[in-house]
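To be precise, the following lines are target-v9.pdb, and they hold PDB, C-alpha atoms.
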```pdb
ATOM      1  CA  MET B   1    -156.879  13.794  89.283
ATOM      2  CA  LEU B   2    -155.379  10.748  87.634
ATOM      3  CA  SER B   3    -157.803   7.904  86.935
ATOM      4  CA  GLN B   4    -156.960   4.463  88.310
ATOM      5  CA  THR B   5    -156.606   3.196  84.745
ATOM      6  CA  MET B   6    -154.070   5.881  83.838
ATOM      7  CA  GLU B   7    -152.260   5.535  87.163
ATOM      8  CA  LYS B   8    -151.763   1.803  86.552
ATOM      9  CA  ALA B   9    -150.656   2.401  82.953
ATOM     10  CA  PHE B  10    -148.166   5.094  83.989
ATOM     11  CA  ASN B  11    -146.835   2.829  86.746
ATOM     12  CA  ASP B  12    -146.331   0.087  84.178
ATOM     13  CA  GLN B  13    -144.358   2.568  82.068
ATOM     14  CA  VAL B  14    -142.152   3.456  85.045
ATOM     15  CA  LYS B  15    -141.280  -0.236  85.212
ATOM     16  CA  TRP B  16    -140.458  -0.336  81.474
ATOM     17  CA  GLU B  17    -138.272   2.760  81.681
ATOM     18  CA  LEU B  18    -136.403   1.303  84.650
ATOM     19  CA  TYR B  19    -136.014  -1.973  82.765
ATOM     20  CA  SER B  20    -134.592  -0.007  79.820
ATOM     21  CA  SER B  21    -132.025   1.578  82.114
ATOM     22  CA  TYR B  22    -131.177  -1.843  83.539
ATOM     23  CA  LEU B  23    -130.869  -3.326  80.032
ATOM     24  CA  TYR B  24    -128.516  -0.581  78.872
ATOM     25  CA  LEU B  25    -126.348  -0.999  81.961
ATOM     26  CA  SER B  26    -126.073  -4.695  81.128
ATOM     27  CA  MET B  27    -125.121  -3.798  77.553
ATOM     28  CA  SER B  28    -122.578  -1.303  78.878
ATOM     29  CA  SER B  29    -120.944  -4.011  80.952
ATOM     30  CA  TYR B  30    -120.891  -6.363  77.958
ATOM     31  CA  CYS B  31    -119.281  -3.715  75.719
ATOM     32  CA  ASN B  32    -116.766  -2.829  78.400
ATOM     33  CA  ASN B  33    -115.822  -6.495  78.640
ATOM     34  CA  LEU B  34    -115.170  -6.480  74.873
ATOM     35  CA  GLY B  35    -112.720  -3.613  75.339
ATOM     36  CA  LEU B  36    -115.076  -1.131  73.668
ATOM     37  CA  ALA B  37    -115.084   1.655  76.226
ATOM     38  CA  GLY B  38    -116.846   4.078  73.864
ATOM     39  CA  PHE B  39    -119.711   1.658  73.271
ATOM     40  CA  ALA B  40    -119.859   1.037  77.024
ATOM     41  CA  ASN B  41    -119.985   4.794  77.612
ATOM     42  CA  TRP B  42    -122.798   5.270  75.093
ATOM     43  CA  MET B  43    -124.848   2.558  76.797
ATOM     44  CA  ARG B  44    -124.170   3.970  80.244
ATOM     45  CA  MET B  45    -125.320   7.429  79.116
ATOM     46  CA  GLN B  46    -128.411   5.798  77.592
ATOM     47  CA  ALA B  47    -129.090   4.064  80.913
ATOM     48  CA  GLN B  48    -128.998   7.440  82.674
ATOM     49  CA  GLU B  49    -131.382   8.908  80.108
ATOM     50  CA  GLU B  50    -133.829   6.041  80.622
ATOM     51  CA  LEU B  51    -133.666   6.549  84.382
ATOM     52  CA  LEU B  52    -134.576  10.193  83.796
ATOM     53  CA  HIS B  53    -137.562   9.044  81.718
ATOM     54  CA  ALA B  54    -138.680   6.754  84.553
ATOM     55  CA  MET B  55    -138.458   9.654  86.988
ATOM     56  CA  LYS B  56    -140.512  11.891  84.669
ATOM     57  CA  PHE B  57    -143.310   9.320  84.772
ATOM     58  CA  TYR B  58    -142.856   8.827  88.521
ATOM     59  CA  ASP B  59    -143.072  12.570  89.198
ATOM     60  CA  TYR B  60    -146.049  12.961  86.876
ATOM     61  CA  ILE B  61    -147.988  10.263  88.725
ATOM     62  CA  MET B  62    -147.356  12.064  92.007
ATOM     63  CA  GLU B  63    -148.155  15.483  90.529
ATOM     64  CA  ARG B  64    -151.541  14.183  89.382
ATOM     65  CA  GLY B  65    -152.416  12.859  92.853
ATOM     66  CA  GLY B  66    -151.560   9.243  92.131
ATOM     67  CA  ARG B  67    -149.194   6.858  93.810
ATOM     68  CA  ALA B  68    -146.129   5.395  92.146
ATOM     69  CA  ILE B  69    -145.967   1.684  92.833
ATOM     70  CA  MET B  70    -142.623   0.028  92.218
ATOM     71  CA  GLN B  71    -142.891  -3.282  90.390
ATOM     72  CA  PRO B  72    -140.401  -6.127  89.962
ATOM     73  CA  ILE B  73    -137.983  -5.632  87.088
ATOM     74  CA  ASP B  74    -136.922  -8.646  85.048
ATOM     75  CA  ALA B  75    -133.223  -9.365  84.676
ATOM     76  CA  PRO B  76    -131.966  -8.259  81.258
ATOM     77  CA  PRO B  77    -129.821 -10.466  79.033
ATOM     78  CA  SER B  78    -126.078 -10.310  79.635
ATOM     79  CA  GLU B  79    -124.705 -11.785  76.409
ATOM     80  CA  TRP B  80    -124.954 -10.677  72.788
ATOM     81  CA  GLY B  81    -123.293 -11.599  69.515
ATOM     82  CA  GLY B  82    -121.082  -8.516  69.291
ATOM     83  CA  PRO B  83    -121.553  -4.749  68.925
ATOM     84  CA  LEU B  84    -123.853  -4.960  65.898
ATOM     85  CA  ASP B  85    -126.121  -7.438  67.680
ATOM     86  CA  VAL B  86    -126.200  -5.149  70.722
ATOM     87  CA  PHE B  87    -127.361  -2.164  68.688
ATOM     88  CA  GLU B  88    -129.852  -4.230  66.709
ATOM     89  CA  LYS B  89    -131.342  -5.295  70.047
ATOM     90  CA  VAL B  90    -131.352  -1.667  71.208
ATOM     91  CA  LEU B  91    -133.290  -0.661  68.093
ATOM     92  CA  GLU B  92    -135.731  -3.525  68.628
ATOM     93  CA  HIS B  93    -136.178  -2.469  72.263
ATOM     94  CA  GLU B  94    -136.688   1.204  71.408
ATOM     95  CA  LYS B  95    -139.353   0.231  68.862
ATOM     96  CA  HIS B  96    -141.059  -1.773  71.618
ATOM     97  CA  VAL B  97    -140.946   1.233  73.961
ATOM     98  CA  THR B  98    -142.349   3.424  71.180
ATOM     99  CA  GLY B  99    -145.272   1.018  70.926
ATOM    100  CA  LEU B 100    -145.820   1.225  74.684
ATOM    101  CA  ILE B 101    -145.816   5.043  74.567
ATOM    102  CA  HIS B 102    -148.277   5.025  71.656
ATOM    103  CA  THR B 103    -150.554   2.655  73.580
ATOM    104  CA  LEU B 104    -150.397   5.035  76.559
ATOM    105  CA  ALA B 105    -151.247   7.967  74.300
ATOM    106  CA  ASP B 106    -154.233   6.057  72.878
ATOM    107  CA  LEU B 107    -155.376   5.204  76.411
ATOM    108  CA  ALA B 108    -155.098   8.848  77.470
ATOM    109  CA  LEU B 109    -157.349   9.799  74.556
ATOM    110  CA  ASP B 110    -159.828   7.027  75.418
ATOM    111  CA  GLU B 111    -159.851   8.176  79.051
ATOM    112  CA  ARG B 112    -160.250  11.808  77.974
ATOM    113  CA  ASP B 113    -157.115  12.574  79.980
ATOM    114  CA  HIS B 114    -156.028  15.702  78.143
ATOM    115  CA  ALA B 115    -153.238  16.520  80.581
ATOM    116  CA  GLY B 116    -151.879  13.001  80.149
ATOM    117  CA  SER B 117    -152.033  13.391  76.371
ATOM    118  CA  ILE B 118    -150.013  16.585  76.553
ATOM    119  CA  PHE B 119    -147.492  14.987  78.924
ATOM    120  CA  LEU B 120    -147.009  12.034  76.562
ATOM    121  CA  GLN B 121    -146.260  14.225  73.541
ATOM    122  CA  TRP B 122    -142.724  14.800  74.829
ATOM    123  CA  PHE B 123    -142.151  11.035  74.988
ATOM    124  CA  ILE B 124    -143.576  10.514  71.507
ATOM    125  CA  SER B 125    -141.082  13.035  70.115
ATOM    126  CA  GLU B 126    -138.291  11.549  72.224
ATOM    127  CA  GLN B 127    -138.932   8.084  70.793
ATOM    128  CA  VAL B 128    -138.661   9.396  67.234
ATOM    129  CA  GLU B 129    -135.216  10.760  68.141
ATOM    130  CA  GLU B 130    -134.211   7.572  69.991
ATOM    131  CA  GLU B 131    -135.088   5.311  67.068
ATOM    132  CA  ALA B 132    -133.364   7.565  64.517
ATOM    133  CA  THR B 133    -130.150   7.747  66.551
ATOM    134  CA  VAL B 134    -129.967   3.997  67.077
ATOM    135  CA  ALA B 135    -130.934   3.214  63.458
ATOM    136  CA  ASP B 136    -128.029   5.426  62.345
ATOM    137  CA  LEU B 137    -125.610   3.530  64.583
ATOM    138  CA  VAL B 138    -126.904   0.181  63.307
ATOM    139  CA  HIS B 139    -126.392   1.442  59.759
ATOM    140  CA  LYS B 140    -122.814   2.513  60.532
ATOM    141  CA  LEU B 141    -122.040  -0.831  62.160
ATOM    142  CA  ARG B 142    -123.382  -2.676  59.143
ATOM    143  CA  LEU B 143    -121.298  -0.493  56.811
ATOM    144  CA  ILE B 144    -118.095  -1.337  58.640
ATOM    145  CA  GLY B 145    -119.047  -4.970  59.071
ATOM    146  CA  GLY B 146    -119.060  -4.527  62.838
ATOM    147  CA  GLU B 147    -115.289  -4.941  63.121
ATOM    148  CA  GLY B 148    -111.824  -3.635  62.325
ATOM    149  CA  GLN B 149    -110.606  -0.067  62.224
ATOM    150  CA  GLY B 150    -114.098   1.238  61.541
ATOM    151  CA  LEU B 151    -115.282  -0.310  64.791
ATOM    152  CA  LEU B 152    -112.466   1.385  66.680
ATOM    153  CA  MET B 153    -113.270   4.733  65.050
ATOM    154  CA  LEU B 154    -116.941   4.375  65.989
ATOM    155  CA  ASP B 155    -115.914   3.372  69.513
ATOM    156  CA  LYS B 156    -113.935   6.598  69.781
ATOM    157  CA  GLU B 157    -116.920   8.601  68.501
ATOM    158  CA  LEU B 158    -119.242   6.987  71.046
ATOM    159  CA  SER B 159    -116.838   7.739  73.896
ATOM    160  CA  ALA B 160    -117.627  11.441  73.483
ATOM    161  CA  ARG B 161    -121.275  11.082  74.497
ATOM    162  CA  VAL B 162    -122.165  12.818  77.735
ATOM    163  CA  PHE B 163    -125.418  12.871  79.638
ATOM    164  CA  THR B 164    -126.656  16.311  80.520
ATOM    165  CA  PRO B 165    -129.897  16.241  82.439
ATOM    166  CA  PRO B 166    -132.338  18.928  81.316
ATOM    167  CA  ALA B 167    -132.661  21.976  83.523
ATOM    168  CA  GLN B 168    -135.633  21.829  85.859
ATOM    169  CA  ALA B 169    -138.327  24.336  84.995
TER
END
```
Kindly return the structure encoded in the file as structure tokens.
Amino acid sequence: MLSQTMEKAFNDQVKWELYSSYLYLSMSSYCNNLGLAGFANWMRMQAQEELLHAMKFYDYIMERGGRAIMQPIDAPPSEWGGPLDVFEKVLEHEKHVTGLIHTLADLALDERDHAGSIFLQWFISEQVEEEATVADLVHKLRLIGGEGQGLLMLDKELSARVFTPPAQA
């Protein structure tokens, strides 16, 4: 059984994961408007991944006998200072989400919720991967100065990203 404290914390995380998806859709639209279809694609695939994360939390709440309560989601920004700024904001956001996941993991330990601790390990590992991927893209954008032929080459690279949901066990 999920404690009320953990249920509330997991519900808060559902909201953050949905906000992340919403944010990345906004960034996708912004990139598309710049004529950077590959960047827009990358953000759209990221939005789908974040929605999957939200559903993992949602399903886990239900599996543990809790109730998922949908909360209002703030509107994300819609303007940035170019592709480099977008990815710097993505990295900042992913670091924030990592902090939220770590706080959840600490709470699970405090609550002696061993099942919750195990569940959160996947997200902890996922955040390491998320931050590394985005940090690499920020680095590449800084190398090319965020413009010119390098930007177009990176745009082409990002257009190849596809979202493949994991197989259900």
For segment 29-141 of chain B versus segment 147-167 of chain B, which residues have an atom no more than 7 Å away, and what is each residue's nearest atom pair and distance in Å rounded to one decimal, using all atoms listed in the file, chain-then-number order, as CSV?
```
residue,atom,partner,partner_atom,distance
B:Leu36,CA,B:Asp155,CA,6.2
B:Ala37,CA,B:Ser159,CA,6.7
B:Gly38,CA,B:Ser159,CA,3.7
B:Phe39,CA,B:Asp155,CA,5.6
B:Asn41,CA,B:Ser159,CA,5.7
B:Trp42,CA,B:Leu158,CA,5.7
B:Met45,CA,B:Phe163,CA,5.5
```
Which is closer to Arg142 of chain B than all the others in B:Glu7, B:Glu63, B:Glu88, B:Glu79, using only C-alpha atoms?
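Closest residue, counting only C-alpha atoms: B:Glu88.
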Name the residues that the PyMOL selection byres ((chain B and resi 128-132) around 10) pulls out of this structure, and write them as number ranges by chain.
B: 46, 90-95, 97-98, 123-127, 133-138
For segment 139-151 of chain B, I'd like the enclosing box, axis-aligned and padded by 8 Å on every side, reported as lines of an AutoDock Vina configuration file with centre and edge lengths in Å to one decimal.
```
center_x = -118.5
center_y = -1.2
center_z = 60.8
size_x = 31.8
size_y = 23.5
size_z = 24.0
```
Give me the result of the PyMOL selection byres ((chain B and resi 16) around 10) on this file, residue by residue, as a PDB file with C-alpha atoms, in the frame of the given file.
```
ATOM      1  CA  PHE B  10    -148.166   5.094  83.989  1.00  0.00           C
ATOM      2  CA  ASN B  11    -146.835   2.829  86.746  1.00  0.00           C
ATOM      3  CA  ASP B  12    -146.331   0.087  84.178  1.00  0.00           C
ATOM      4  CA  GLN B  13    -144.358   2.568  82.068  1.00  0.00           C
ATOM      5  CA  VAL B  14    -142.152   3.456  85.045  1.00  0.00           C
ATOM      6  CA  LYS B  15    -141.280  -0.236  85.212  1.00  0.00           C
ATOM      7  CA  GLU B  17    -138.272   2.760  81.681  1.00  0.00           C
ATOM      8  CA  LEU B  18    -136.403   1.303  84.650  1.00  0.00           C
ATOM      9  CA  TYR B  19    -136.014  -1.973  82.765  1.00  0.00           C
ATOM     10  CA  SER B  20    -134.592  -0.007  79.820  1.00  0.00           C
ATOM     11  CA  SER B  21    -132.025   1.578  82.114  1.00  0.00           C
ATOM     12  CA  TYR B  22    -131.177  -1.843  83.539  1.00  0.00           C
ATOM     13  CA  GLU B  50    -133.829   6.041  80.622  1.00  0.00           C
ATOM     14  CA  HIS B  53    -137.562   9.044  81.718  1.00  0.00           C
ATOM     15  CA  ALA B  54    -138.680   6.754  84.553  1.00  0.00           C
ATOM     16  CA  GLN B  71    -142.891  -3.282  90.390  1.00  0.00           C
ATOM     17  CA  ILE B  73    -137.983  -5.632  87.088  1.00  0.00           C
ATOM     18  CA  ASP B  74    -136.922  -8.646  85.048  1.00  0.00           C
ATOM     19  CA  HIS B  96    -141.059  -1.773  71.618  1.00  0.00           C
ATOM     20  CA  VAL B  97    -140.946   1.233  73.961  1.00  0.00           C
ATOM     21  CA  LEU B 100    -145.820   1.225  74.684  1.00  0.00           C
TER      22      LEU B 100
END
```
Counting all atoms listed in the file, which residue out of B:Ala9, B:Ile118, B:Leu34, B:Ala68 sits closest to Thr103 of chain B?
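Closest candidate: B:Ala9.
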Using only C-alpha atoms, find all polymer residues with an atom at most 10 Å away from the point (-123.2, -3.3, 77.9); report them as number ranges by chain.
B: 22-34, 36-37, 39-44, 47, 77-80, 83, 86
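In terms of minimum interatomic distance to Tyr60 of chain B, B:Leu120 ranks closest within B:Leu120, B:Lys140, B:Pro72, B:Gly145, counting all atoms listed in the file.
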For the structure provided, state which residues fall under the PyMOL selection byres ((chain B and resi 6) around 12), and present them as a PyMOL selection string.
chain B and resi 1-5+7-13+57+60-61+64-68+103-117+120
Correct to one decimal, the distance atom CA of Pro76 of chain B-atom CA of Glu49 of chain B is 17.2 Å
What gap, in Å, lies between atom CA of Ala75 of chain B and atom CA of Gln48 of chain B?
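Separation between atom CA of Ala75 of chain B and atom CA of Gln48 of chain B: 17.4 Å.
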Correct to one decimal, the distance atom CA of Phe87 of chain B-atom CA of His139 of chain B is 9.7 Å
